[in-house]
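Colleague: So that you have it, the file is protein-v3.cif, and it contains mmCIF, C-alpha atoms:
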```cif
data_target
#
loop_
_atom_site.label_atom_id
_atom_site.label_comp_id
_atom_site.auth_asym_id
_atom_site.auth_seq_id
_atom_site.Cartn_x
_atom_site.Cartn_y
_atom_site.Cartn_z
CA MET A 22 92.46 114.10 109.13
CA GLN A 23 92.52 115.76 105.75
CA LEU A 24 95.83 117.02 104.38
CA ARG A 25 94.13 120.40 104.12
CA SER A 26 93.58 120.45 107.89
CA ILE A 27 97.26 119.72 108.50
CA VAL A 28 98.17 122.64 106.27
CA ALA A 29 95.95 124.91 108.36
CA LEU A 30 97.07 123.60 111.76
CA LEU A 31 100.77 123.96 111.02
CA ASP A 32 100.55 127.02 108.78
CA CYS A 33 102.16 125.03 105.98
CA GLU A 34 103.33 126.11 102.60
CA VAL A 35 102.05 123.65 99.99
CA ILE A 36 105.06 123.01 97.79
CA SER A 37 103.45 120.36 95.61
CA GLY A 38 100.21 118.42 95.64
CA HIS A 39 97.77 121.35 95.63
CA ALA A 40 95.20 119.17 93.86
CA VAL A 41 95.15 116.44 96.51
CA LEU A 42 94.64 118.40 99.73
CA ASP A 43 91.37 116.56 100.33
CA ILE A 44 93.01 113.16 100.85
CA GLU A 45 92.58 111.55 104.26
CA VAL A 46 95.74 111.06 106.30
CA PRO A 47 95.21 108.35 108.95
CA SER A 48 98.46 108.84 110.86
CA CYS A 49 101.91 110.39 110.84
CA PHE A 50 105.46 109.09 111.22
CA ALA A 51 108.28 111.43 112.21
CA ALA A 52 111.93 110.60 111.53
CA ASP A 53 115.10 111.90 109.97
CA LEU A 54 116.30 108.35 109.66
CA MET A 55 114.84 106.92 106.48
CA SER A 56 115.79 103.43 107.66
CA ASP A 57 113.24 103.88 110.45
CA VAL A 58 110.56 104.95 108.00
CA LEU A 59 111.19 101.91 105.82
CA ALA A 60 111.21 99.57 108.81
CA PHE A 61 108.44 100.90 111.03
CA SER A 62 105.98 103.17 109.21
CA THR A 63 102.55 102.07 108.12
CA PRO A 64 100.95 102.76 104.71
CA ASP A 65 99.37 106.15 104.03
CA SER A 66 101.06 107.88 106.96
CA LEU A 67 102.37 111.41 106.58
CA LEU A 68 106.16 111.48 106.76
CA ILE A 69 107.39 114.29 109.01
CA THR A 70 111.09 114.93 108.50
CA GLY A 71 113.92 117.41 108.27
CA LEU A 72 115.70 115.41 105.57
CA THR A 73 115.28 117.31 102.31
CA SER A 74 117.23 115.13 99.85
CA VAL A 75 115.80 112.91 97.11
CA GLN A 76 116.04 109.98 99.49
CA SER A 77 113.21 111.38 101.58
CA VAL A 78 110.97 111.41 98.51
CA HIS A 79 112.07 107.94 97.38
CA THR A 80 111.40 106.69 100.90
CA ALA A 81 107.94 108.23 101.04
CA HIS A 82 107.15 106.84 97.61
CA VAL A 83 108.24 103.24 98.23
CA ALA A 84 106.67 103.20 101.71
CA ASP A 85 103.33 104.49 100.36
CA CYS A 86 103.35 107.61 102.54
CA SER A 87 100.54 110.04 101.82
CA GLY A 88 102.99 112.95 101.65
CA ILE A 89 105.95 114.65 103.30
CA LEU A 90 105.94 117.48 105.81
CA PHE A 91 109.32 119.24 106.00
CA VAL A 92 109.84 120.87 109.39
CA SER A 93 111.84 123.76 110.85
CA GLY A 94 111.55 125.89 107.75
CA LYS A 95 113.43 123.40 105.58
CA ARG A 96 112.63 123.05 101.92
CA PRO A 97 113.25 120.18 99.49
CA SER A 98 116.15 120.25 97.07
CA PRO A 99 115.21 120.97 93.43
CA GLU A 100 115.85 117.31 92.61
CA ALA A 101 113.61 116.17 95.44
CA LEU A 102 110.85 118.52 94.32
CA GLN A 103 111.00 117.24 90.75
CA LEU A 104 110.94 113.64 91.95
CA ALA A 105 107.92 114.38 94.12
CA ARG A 106 106.10 115.90 91.18
CA ASP A 107 107.00 112.93 88.96
CA ASN A 108 105.61 110.49 91.53
CA SER A 109 102.68 112.55 92.81
CA VAL A 110 104.01 112.86 96.37
CA PRO A 111 102.52 115.93 98.11
CA LEU A 112 105.11 118.14 99.83
CA LEU A 113 104.38 120.54 102.68
CA ALA A 114 106.71 122.80 104.65
CA THR A 115 106.25 124.34 108.08
CA HIS A 116 108.32 126.55 110.34
CA HIS A 117 107.31 124.46 113.34
CA SER A 118 109.91 122.05 114.70
CA MET A 119 109.45 118.29 114.38
CA ALA A 120 108.46 117.97 118.03
CA ASP A 121 105.99 120.85 117.87
CA SER A 122 104.50 119.55 114.63
CA CYS A 123 103.94 116.11 116.12
CA GLY A 124 102.49 117.62 119.28
CA ILE A 125 100.05 119.86 117.45
CA LEU A 126 98.88 117.07 115.18
CA ARG A 127 98.53 114.66 118.09
CA GLN A 128 96.58 117.25 120.06
CA HIS A 129 94.15 117.48 117.17
CA GLY A 130 93.70 113.73 116.90
CA LEU A 131 96.23 112.52 114.36
CA PRO A 132 97.90 109.39 115.81
CA ALA A 133 101.46 108.26 115.30
CA ALA A 134 101.96 105.31 112.96
CA SER A 135 104.50 102.71 113.91
CA LYS A 136 104.98 98.98 113.74
CA ALA A 137 107.89 99.19 116.17
CA MET B 19 111.06 101.74 79.55
CA SER B 20 107.58 102.98 78.84
CA GLY B 21 104.33 101.51 77.64
CA PRO B 22 102.82 98.16 78.51
CA ILE B 23 105.00 95.42 79.99
CA ALA B 24 105.18 92.31 77.83
CA LEU B 25 104.99 89.36 80.19
CA GLU B 26 106.90 87.15 77.82
CA GLY B 27 109.50 89.72 76.87
CA PRO B 28 113.20 89.22 76.17
CA GLY B 29 114.69 86.74 78.58
CA GLY B 30 111.33 85.79 80.01
CA GLY B 31 108.52 83.46 79.18
CA ARG B 32 108.67 79.78 78.54
CA ALA B 33 112.32 79.80 77.53
CA THR B 34 113.29 80.39 81.17
CA GLY B 35 110.66 78.28 82.86
CA GLU B 36 108.47 79.99 85.42
CA VAL B 37 109.82 83.53 84.94
CA LEU B 38 107.23 85.68 83.16
CA TYR B 39 109.27 88.86 82.98
CA ARG B 40 112.89 89.61 83.74
CA GLU B 41 114.85 92.84 83.83
CA THR B 42 118.27 93.67 85.26
CA PHE B 43 119.24 97.06 86.68
CA GLU B 44 122.78 98.28 87.29
CA ILE B 45 123.70 100.11 90.50
CA LEU B 46 126.89 102.08 91.09
CA GLY B 47 128.59 102.31 94.45
CA ASN B 48 128.56 105.76 96.09
CA ASP B 49 125.95 106.99 93.58
CA PHE B 50 123.71 108.55 96.23
CA GLU B 51 122.24 110.95 93.70
CA HIS B 52 120.41 108.07 92.04
CA GLY B 53 119.67 106.05 95.18
CA GLY B 54 116.06 104.93 94.90
CA VAL B 55 115.73 105.14 91.14
CA VAL B 56 115.72 101.37 90.68
CA ALA B 57 113.16 100.76 93.45
CA THR B 58 110.92 103.47 92.03
CA ARG B 59 111.19 102.04 88.52
CA ILE B 60 110.32 98.54 89.68
CA LYS B 61 107.36 99.85 91.66
CA ALA B 62 106.00 101.35 88.45
CA ILE B 63 106.49 98.04 86.61
CA LEU B 64 104.65 96.06 89.29
CA ARG B 65 101.80 98.54 89.34
CA GLN B 66 101.54 98.18 85.59
CA LEU B 67 101.41 94.40 85.99
CA GLY B 68 98.58 94.74 88.49
CA PHE B 69 100.25 93.39 91.63
CA PRO B 70 98.40 94.05 94.92
CA THR B 71 99.34 97.26 96.73
CA GLU B 72 100.61 95.54 99.87
CA ALA B 73 102.87 93.16 97.94
CA ILE B 74 104.25 96.09 95.95
CA ARG B 75 104.94 98.02 99.16
CA ARG B 76 106.82 95.14 100.76
CA LEU B 77 108.88 94.53 97.65
CA SER B 78 109.55 98.24 97.09
CA ILE B 79 110.86 98.64 100.62
CA ALA B 80 113.11 95.59 100.24
CA ASN B 81 114.35 96.82 96.86
CA PHE B 82 115.13 100.31 98.15
CA GLU B 83 117.05 98.89 101.11
CA ALA B 84 118.99 96.53 98.83
CA GLU B 85 119.69 99.29 96.30
CA MET B 86 120.98 101.61 99.02
CA ASN B 87 123.15 98.85 100.46
CA VAL B 88 124.96 98.51 97.11
CA ILE B 89 125.38 102.29 96.89
CA MET B 90 126.60 102.59 100.46
CA TYR B 91 128.91 99.61 100.75
CA ALA B 92 129.83 98.12 97.35
CA GLU B 93 131.67 99.24 94.24
CA GLU B 94 128.91 98.19 91.91
CA GLY B 95 126.09 95.73 91.62
CA THR B 96 123.07 94.48 89.74
CA LEU B 97 119.48 93.96 90.78
CA GLU B 98 117.56 91.41 88.79
CA LEU B 99 113.79 91.45 88.82
CA ALA B 100 112.06 88.18 87.98
CA VAL B 101 108.28 88.19 87.85
CA LEU B 102 106.86 84.77 88.70
CA PRO B 103 103.30 83.50 88.27
CA HIS B 104 102.53 84.12 91.96
CA GLY B 105 105.15 86.60 93.10
CA VAL B 106 108.41 88.37 92.43
CA ARG B 107 111.96 87.17 93.01
CA VAL B 108 114.79 89.69 93.25
CA THR B 109 118.48 88.85 93.11
CA VAL B 110 121.06 91.48 94.05
CA ASP B 111 124.73 90.78 93.30
CA ASP B 112 127.42 93.22 94.29
CA ARG B 113 131.16 93.48 93.90
CA GLY B 114 132.56 94.81 97.12
CA PRO B 115 134.07 94.05 100.50
CA GLY B 116 131.56 91.37 101.42
CA ILE B 117 130.21 90.73 104.91
CA PRO B 118 132.57 88.95 107.35
CA ASP B 119 129.85 87.98 109.83
CA ILE B 120 126.38 87.60 108.33
CA ASP B 121 124.74 86.68 111.63
CA TRP B 122 126.03 89.95 113.12
CA ALA B 123 124.93 91.96 110.10
CA MET B 124 121.43 90.49 110.26
CA GLN B 125 120.85 91.83 113.78
CA GLU B 126 118.99 95.13 113.97
CA GLY B 127 121.25 98.01 114.95
CA ASN B 128 124.52 96.48 113.75
CA SER B 129 126.10 98.57 111.03
CA THR B 130 129.46 99.61 109.61
CA ALA B 131 128.02 102.79 108.08
CA THR B 132 130.12 105.94 107.92
CA PRO B 133 128.92 109.26 109.37
CA GLU B 134 128.27 110.44 105.79
CA ILE B 135 125.90 107.55 105.19
CA ARG B 136 124.09 108.22 108.47
CA ALA B 137 123.72 111.89 107.56
CA ARG B 138 121.79 110.78 104.52
CA GLY B 139 119.25 108.98 106.66
CA PHE B 140 120.58 105.45 106.32
CA GLY B 141 123.08 103.12 107.95
CA ALA B 142 121.10 102.40 111.10
CA GLY B 143 121.62 98.68 110.82
CA LEU B 144 118.03 98.06 109.81
CA GLY B 145 118.45 97.37 106.09
CA LEU B 146 119.17 93.65 105.88
CA PRO B 147 116.71 92.71 108.66
CA ASN B 148 114.09 94.86 106.96
CA ILE B 149 114.62 93.13 103.62
CA LYS B 150 114.17 89.80 105.35
CA ARG B 151 111.10 91.03 107.26
CA ASN B 152 109.38 92.12 104.07
CA SER B 153 110.22 88.96 102.13
CA ASP B 154 108.56 85.57 102.15
CA GLU B 155 111.87 83.94 101.24
CA PHE B 156 115.31 85.39 101.89
CA VAL B 157 118.82 84.09 101.23
CA ILE B 158 122.11 85.92 101.73
CA GLU B 159 125.58 84.75 100.75
CA SER B 160 128.77 86.72 101.00
CA THR B 161 132.48 86.25 100.34
CA VAL B 162 134.87 88.67 101.97
CA GLY B 163 136.77 90.64 99.35
CA VAL B 164 134.49 89.49 96.56
CA GLY B 165 130.93 90.57 97.22
CA THR B 166 127.45 89.72 98.43
CA ARG B 167 124.41 88.07 96.88
CA LEU B 168 120.89 88.58 98.18
CA SER B 169 117.92 86.70 96.86
CA TYR B 170 114.44 87.41 98.16
CA THR B 171 110.93 86.60 97.05
CA VAL B 172 107.63 88.26 97.78
CA TYR B 173 104.51 86.25 97.05
CA VAL B 174 101.23 87.90 96.18
CA SER B 175 99.53 85.87 98.90
CA GLY B 176 102.37 86.23 101.41
CA ASN B 177 102.08 88.17 104.63
CA ALA B 178 105.69 88.98 105.52
CA GLY B 179 106.16 92.37 107.10
CA ALA B 180 102.61 92.49 108.41
#
```
What's the C-alpha coordinates form of this structure?
Modeller:
Amino acid sequence: MQLRSIVALLDCEVISGHAVLDIEVPSCFAADLMSDVLAFSTPDSLLITGLTSVQSVHTAHVADCSGILFVSGKRPSPEALQLARDNSVPLLATHHSMADSCGILRQHGLPAASKA
Amino acid sequence: MSGPIALEGPGGGRATGEVLYRETFEILGNDFEHGGVVATRIKAILRQLGFPTEAIRRLSIANFEAEMNVIMYAEEGTLELAVLPHGVRVTVDDRGPGIPDIDWAMQEGNSTATPEIRARGFGAGLGLPNIKRNSDEFVIESTVGVGTRLSYTVYVSGNAGA
(Lines of atoms letter the chains of each structure in order from A and count residues from 1; the text may use other names and numbers.)
(Lines give C-alpha, C1' and ligand atoms only; values in the text may rest on other atoms or scores of the structure.)
Protein backbone atom coordinates (compact mmCIF):
# COMPACT_ATOMS: atom_id res chain seq x y z
CA MET A 1 0.00 0.00 0.00
CA GLN A 2 1.34 3.41 -0.88
CA LEU A 3 1.93 5.93 1.90
CA ARG A 4 -0.40 8.22 -0.03
CA SER A 5 -3.23 5.70 0.37
CA ILE A 6 -2.67 5.56 4.12
CA VAL A 7 -2.90 9.34 4.27
CA ALA A 8 -6.25 9.18 2.48
CA LEU A 9 -7.68 6.27 4.49
CA LEU A 10 -6.87 7.80 7.87
CA ASP A 11 -7.35 11.44 6.90
CA CYS A 12 -3.75 12.13 7.89
CA GLU A 13 -1.87 15.35 8.13
CA VAL A 14 1.50 14.95 6.40
CA ILE A 15 3.95 16.54 8.81
CA SER A 16 7.09 15.66 6.89
CA GLY A 17 7.93 13.53 3.88
CA HIS A 18 5.62 15.16 1.33
CA ALA A 19 8.01 14.15 -1.44
CA VAL A 20 7.93 10.42 -0.67
CA LEU A 21 4.21 9.68 -0.48
CA ASP A 22 4.56 7.25 -3.38
CA ILE A 23 6.70 4.76 -1.44
CA GLU A 24 5.27 1.29 -0.92
CA VAL A 25 4.57 0.29 2.67
CA PRO A 26 4.40 -3.52 2.99
CA SER A 27 3.14 -3.70 6.58
CA CYS A 28 2.59 -1.81 9.80
CA PHE A 29 3.68 -2.25 13.41
CA ALA A 30 1.78 -0.57 16.23
CA ALA A 31 3.34 0.04 19.65
CA ASP A 32 4.04 2.69 22.24
CA LEU A 33 6.83 0.53 23.56
CA MET A 34 9.90 1.22 21.45
CA SER A 35 11.53 -1.90 22.89
CA ASP A 36 8.85 -3.91 21.09
CA VAL A 37 9.53 -2.12 17.81
CA LEU A 38 13.25 -2.82 18.09
CA ALA A 39 12.66 -6.46 18.99
CA PHE A 40 9.78 -7.50 16.78
CA SER A 41 9.22 -5.19 13.81
CA THR A 42 10.27 -6.03 10.29
CA PRO A 43 12.05 -3.67 7.85
CA ASP A 44 10.03 -1.07 5.95
CA SER A 45 6.98 -1.33 8.19
CA LEU A 46 5.04 1.79 9.13
CA LEU A 47 5.40 2.54 12.84
CA ILE A 48 2.04 3.41 14.40
CA THR A 49 2.50 5.00 17.81
CA GLY A 50 1.38 7.57 20.33
CA LEU A 51 4.93 8.22 21.51
CA THR A 52 5.95 11.63 20.18
CA SER A 53 9.48 12.02 21.60
CA VAL A 54 12.76 11.86 19.69
CA GLN A 55 13.05 8.22 20.69
CA SER A 56 10.20 7.30 18.38
CA VAL A 57 12.09 8.82 15.45
CA HIS A 58 15.41 7.24 16.46
CA THR A 59 13.61 3.91 16.77
CA ALA A 60 11.98 4.22 13.36
CA HIS A 61 15.30 5.23 11.84
CA VAL A 62 17.43 2.42 13.27
CA ALA A 63 14.72 -0.19 12.62
CA ASP A 64 14.36 0.92 8.97
CA CYS A 65 10.68 1.81 9.32
CA SER A 66 9.16 3.45 6.27
CA GLY A 67 7.67 6.23 8.41
CA ILE A 68 5.73 7.05 11.57
CA LEU A 69 2.01 7.50 12.00
CA PHE A 70 1.14 9.40 15.20
CA VAL A 71 -2.33 8.52 16.43
CA SER A 72 -5.07 10.13 18.54
CA GLY A 73 -4.30 13.63 17.36
CA LYS A 74 -0.79 13.60 18.80
CA ARG A 75 1.99 15.53 17.15
CA PRO A 76 5.77 15.12 17.34
CA SER A 77 7.88 17.35 19.54
CA PRO A 78 9.89 20.02 17.68
CA GLU A 79 13.06 18.00 18.33
CA ALA A 80 11.46 14.86 16.94
CA LEU A 81 10.30 16.72 13.84
CA GLN A 82 13.77 18.10 13.19
CA LEU A 83 15.33 14.68 13.67
CA ALA A 84 12.83 13.18 11.23
CA ARG A 85 13.69 15.80 8.64
CA ASP A 86 17.42 15.25 9.16
CA ASN A 87 17.02 11.50 8.61
CA SER A 88 14.29 11.56 5.96
CA VAL A 89 11.70 9.78 8.11
CA PRO A 90 8.15 10.60 6.90
CA LEU A 91 5.77 11.67 9.67
CA LEU A 92 1.98 11.44 9.52
CA ALA A 93 -0.65 12.32 12.11
CA THR A 94 -4.23 11.14 12.41
CA HIS A 95 -7.07 11.75 14.83
CA HIS A 96 -7.97 8.07 14.73
CA SER A 97 -6.97 5.98 17.74
CA MET A 98 -4.26 3.33 17.45
CA ALA A 99 -6.82 0.53 17.42
CA ASP A 100 -8.99 2.22 14.81
CA SER A 101 -5.98 3.04 12.64
CA CYS A 102 -4.82 -0.57 12.70
CA GLY A 103 -8.32 -1.81 11.98
CA ILE A 104 -8.86 0.49 9.02
CA LEU A 105 -5.49 -0.35 7.51
CA ARG A 106 -6.02 -4.06 8.05
CA GLN A 107 -9.46 -3.84 6.48
CA HIS A 108 -7.86 -2.34 3.40
CA GLY A 109 -5.20 -5.01 3.14
CA LEU A 110 -2.19 -3.72 5.04
CA PRO A 111 -0.89 -6.60 7.21
CA ALA A 112 0.74 -6.34 10.61
CA ALA A 113 4.49 -6.89 10.70
CA SER A 114 5.92 -8.87 13.56
CA LYS A 115 8.63 -11.40 14.22
CA ALA A 116 7.13 -12.19 17.62
CA MET B 1 32.36 13.96 11.49
CA SER B 2 31.55 14.58 7.88
CA GLY B 3 32.96 13.58 4.53
CA PRO B 4 34.39 10.23 3.50
CA ILE B 5 35.47 7.74 6.15
CA ALA B 6 39.16 6.89 6.00
CA LEU B 7 39.41 3.16 6.58
CA GLU B 8 42.89 3.47 7.99
CA GLY B 9 42.20 6.52 10.10
CA PRO B 10 43.57 7.40 13.54
CA GLY B 11 43.70 4.34 15.73
CA GLY B 12 42.84 2.01 12.90
CA GLY B 13 44.63 0.23 10.12
CA ARG B 14 47.60 -2.02 10.35
CA ALA B 15 48.82 -0.59 13.63
CA THR B 16 45.93 -2.29 15.44
CA GLY B 17 45.76 -5.49 13.44
CA GLU B 18 42.45 -6.35 11.84
CA VAL B 19 40.59 -3.15 12.80
CA LEU B 20 40.07 -0.98 9.72
CA TYR B 21 38.33 1.90 11.45
CA ARG B 22 37.78 2.75 15.08
CA GLU B 23 35.81 5.47 16.79
CA THR B 24 34.69 5.89 20.40
CA PHE B 25 31.50 7.67 21.46
CA GLU B 26 30.73 8.93 24.96
CA ILE B 27 27.29 8.41 26.52
CA LEU B 28 25.98 10.16 29.62
CA GLY B 29 23.63 8.52 32.08
CA ASN B 30 20.11 9.99 32.23
CA ASP B 31 20.73 11.96 29.01
CA PHE B 32 17.44 10.91 27.40
CA GLU B 33 17.45 13.99 25.20
CA HIS B 34 20.34 12.56 23.20
CA GLY B 35 19.34 8.89 23.39
CA GLY B 36 19.79 7.48 19.91
CA VAL B 37 22.32 9.98 18.65
CA VAL B 38 25.21 7.51 18.77
CA ALA B 39 23.26 4.73 17.02
CA THR B 40 22.14 7.15 14.32
CA ARG B 41 25.68 8.42 13.81
CA ILE B 42 27.08 4.92 13.48
CA LYS B 43 24.36 3.98 11.02
CA ALA B 44 25.48 6.86 8.82
CA ILE B 45 29.11 5.71 9.05
CA LEU B 46 28.25 2.14 8.07
CA ARG B 47 26.14 3.32 5.16
CA GLN B 48 29.07 5.42 4.00
CA LEU B 49 31.31 2.36 4.22
CA GLY B 50 28.88 0.39 2.09
CA PHE B 51 27.75 -2.26 4.57
CA PRO B 52 24.67 -4.30 3.54
CA THR B 53 21.32 -2.91 4.68
CA GLU B 54 20.39 -5.92 6.80
CA ALA B 55 23.70 -5.94 8.67
CA ILE B 56 23.35 -2.22 9.32
CA ARG B 57 19.82 -2.72 10.66
CA ARG B 58 20.88 -5.46 13.05
CA LEU B 59 23.83 -3.46 14.32
CA SER B 60 21.82 -0.23 14.58
CA ILE B 61 19.17 -1.94 16.70
CA ALA B 62 21.83 -3.45 18.97
CA ASN B 63 23.62 -0.10 19.26
CA PHE B 64 20.43 1.79 20.10
CA GLU B 65 19.52 -0.74 22.79
CA ALA B 66 23.03 -0.60 24.26
CA GLU B 67 23.09 3.20 24.13
CA MET B 68 19.74 3.44 25.89
CA ASN B 69 20.86 0.94 28.53
CA VAL B 70 23.77 3.24 29.48
CA ILE B 71 21.43 6.25 29.58
CA MET B 72 18.82 4.43 31.62
CA TYR B 73 20.95 2.55 34.12
CA ALA B 74 24.54 3.84 34.26
CA GLU B 75 26.28 7.06 35.21
CA GLU B 76 28.30 7.20 32.03
CA GLY B 77 29.78 4.98 29.39
CA THR B 78 31.57 4.63 26.09
CA LEU B 79 30.66 2.80 22.91
CA GLU B 80 33.56 1.80 20.72
CA LEU B 81 32.98 1.01 17.09
CA ALA B 82 35.56 -1.21 15.42
CA VAL B 83 35.12 -1.94 11.73
CA LEU B 84 36.62 -5.30 10.79
CA PRO B 85 37.29 -6.71 7.32
CA HIS B 86 34.09 -8.80 7.45
CA GLY B 87 31.96 -7.15 10.10
CA VAL B 88 31.70 -4.73 12.97
CA ARG B 89 32.59 -5.22 16.63
CA VAL B 90 31.11 -2.92 19.26
CA THR B 91 32.29 -2.66 22.85
CA VAL B 92 30.19 -0.79 25.40
CA ASP B 93 31.71 -0.03 28.81
CA ASP B 94 29.73 1.70 31.50
CA ARG B 95 30.35 2.94 35.00
CA GLY B 96 27.32 2.14 37.06
CA PRO B 97 25.60 -0.27 39.41
CA GLY B 98 26.40 -3.37 37.38
CA ILE B 99 24.12 -6.38 36.98
CA PRO B 100 23.88 -8.75 39.97
CA ASP B 101 22.35 -11.64 38.02
CA ILE B 102 23.22 -11.69 34.32
CA ASP B 103 21.22 -14.85 33.61
CA TRP B 104 18.11 -13.14 35.02
CA ALA B 105 18.79 -9.94 33.07
CA MET B 106 19.17 -11.88 29.83
CA GLN B 107 15.64 -13.29 30.05
CA GLU B 108 13.02 -11.37 28.08
CA GLY B 109 10.68 -9.41 30.32
CA ASN B 110 13.03 -9.07 33.28
CA SER B 111 13.81 -5.44 34.01
CA THR B 112 14.60 -3.04 36.84
CA ALA B 113 13.36 -0.03 34.86
CA THR B 114 11.64 2.83 36.65
CA PRO B 115 8.18 4.08 35.63
CA GLU B 116 9.89 7.12 34.04
CA ILE B 117 11.94 4.87 31.79
CA ARG B 118 8.87 2.86 30.81
CA ALA B 119 6.99 6.07 29.99
CA ARG B 120 9.68 6.80 27.44
CA GLY B 121 8.98 3.56 25.63
CA PHE B 122 11.80 1.47 27.06
CA GLY B 123 12.55 -0.76 30.03
CA ALA B 124 10.48 -3.74 28.94
CA GLY B 125 13.27 -6.18 29.62
CA LEU B 126 13.92 -6.76 25.94
CA GLY B 127 17.13 -4.77 25.47
CA LEU B 128 19.90 -7.22 26.35
CA PRO B 129 18.18 -10.22 24.72
CA ASN B 130 17.59 -8.10 21.63
CA ILE B 131 21.25 -7.11 21.43
CA LYS B 132 22.19 -10.77 21.64
CA ARG B 133 19.54 -11.76 19.06
CA ASN B 134 20.87 -9.26 16.54
CA SER B 135 24.54 -10.16 17.07
CA ASP B 136 26.58 -13.02 15.69
CA GLU B 137 28.80 -12.91 18.78
CA PHE B 138 27.83 -11.53 22.17
CA VAL B 139 29.68 -11.32 25.49
CA ILE B 140 28.53 -9.59 28.67
CA GLU B 141 30.52 -9.08 31.86
CA SER B 142 29.45 -7.11 34.89
CA THR B 143 30.76 -6.24 38.33
CA VAL B 144 28.28 -5.00 40.90
CA GLY B 145 29.11 -1.46 41.96
CA VAL B 146 31.59 -0.99 39.14
CA GLY B 147 29.89 -1.39 35.78
CA THR B 148 29.10 -3.53 32.77
CA ARG B 149 30.91 -4.39 29.56
CA LEU B 150 29.14 -5.61 26.45
CA SER B 151 30.95 -6.78 23.37
CA TYR B 152 29.04 -7.83 20.28
CA THR B 153 29.90 -8.47 16.67
CA VAL B 154 27.79 -8.42 13.55
CA TYR B 155 29.25 -10.09 10.48
CA VAL B 156 28.30 -9.02 6.99
CA SER B 157 27.47 -12.63 6.14
CA GLY B 158 25.81 -13.37 9.49
CA ASN B 159 22.12 -14.08 9.87
CA ALA B 160 21.43 -13.29 13.53
CA GLY B 161 18.07 -11.72 14.16
CA ALA B 162 16.54 -13.24 11.04
Colleague: Go through chain A and flag each residue having an atom no more than 6 Å from chain B; for those, report the closest pair of atoms plus their distance in Å to one decimal, using only C-alpha atoms, ordered by chain and rising number, as a Markdown table.
Modeller:
```
| residue | atom | partner | partner_atom | distance |
| --- | --- | --- | --- | --- |
| A:Leu54 | CA | B:Gly139 | CA | 4.3 |
| A:Met55 | CA | B:Gly139 | CA | 4.9 |
| A:Ser56 | CA | B:Phe140 | CA | 5.4 |
| A:Ala60 | CA | B:Asn148 | CA | 5.8 |
| A:His79 | CA | B:Gly54 | CA | 5.6 |
| A:Val83 | CA | B:Ser78 | CA | 5.3 |
```
Colleague: Contacts of Phe50 of chain A at 9 Å or less, counting all atoms listed in the file, minus same-chain residues fewer than 4 places along, as a PyMOL selection string?
Modeller: chain A and resi 58+61-63+66-70+123+132-135
Colleague: Measure the distance from atom CA of Asp49 of chain B to atom CA of Ala92 of chain B in Å and round it to one decimal.
Modeller: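 Taking atom CA of Asp49 of chain B and atom CA of Ala92 of chain B, their separation equals 10.4 Å.
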Colleague: Just to confirm, what's the straight-line distance from atom CA of Glu134 of chain B to atom CA of Tyr91 of chain B in Å (one decimal)?
Modeller: 12.0 Å
Colleague: Of the candidates A:Asp65, A:Ser48, A:Thr80, A:Arg96, which one gets nearest to Leu112 of chain A if we count all atoms listed in the file?
Modeller: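 Between A:Asp65, A:Ser48, A:Thr80, A:Arg96, the residue approaching Leu112 of chain A most closely is A:Arg96.
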Colleague: Please compute the atom CA of Ala52 of chain A-atom CA of His117 of chain A distance, one decimal, in Å.
Modeller: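 Interatomic distance here is 14.7 Å.
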Colleague: Might you pull out every residue within 7 Å of Glu41 of chain B, with all atoms listed in the file counted and same-chain residues fewer than 4 positions away left off, and present them as an NGL selection string?
Modeller: :B and (98-100)
Colleague: Enumerate, as a list in words, the protein, DNA and RNA residues whose atoms approach (116.8, 87.9, 102.1) to within 10 Å, taking into account all atoms listed in the file and the coordinate frame of the file.
Modeller: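 Protein, DNA and RNA residues close to (116.8, 87.9, 102.1): Ala80, Ala84, Val108, Thr109, Val110, Met124, Leu146, Pro147, Asn148, Ile149, Lys150, Arg151, Asn152, Ser153, Asp154, Glu155, Phe156, Val157, Ile158, Glu159, Arg167, Leu168, Ser169, Tyr170 and Thr171 of chain B.
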Colleague: For the file shown, what are the residues hit by the PyMOL selection byres ((chain A and resi 34) around 12), laid out as a PyMOL selection string?
Modeller: chain A and resi 24-25+27-33+35-39+42+89-92+94-97+111-117
Colleague: Using the chain letters and numbering of this document, enumerate as a list in words the residues selected by the PyMOL selection byres ((chain A and resi 74) around 7).
Modeller: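 Matching residues under the PyMOL selection byres ((chain A and resi 74) around 7) are Leu72, Thr73, Val75, Gln76, Ser77, Pro97, Ser98 and Ala101 of chain A.
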Colleague: Given all atoms listed in the file as the basis, pick out the residue of A:Val78, A:Ala120, A:Val46, A:Gln23 nearest to Ser93 of chain A.
Modeller: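 Between A:Val78, A:Ala120, A:Val46, A:Gln23, the residue approaching Ser93 of chain A most closely is A:Ala120.
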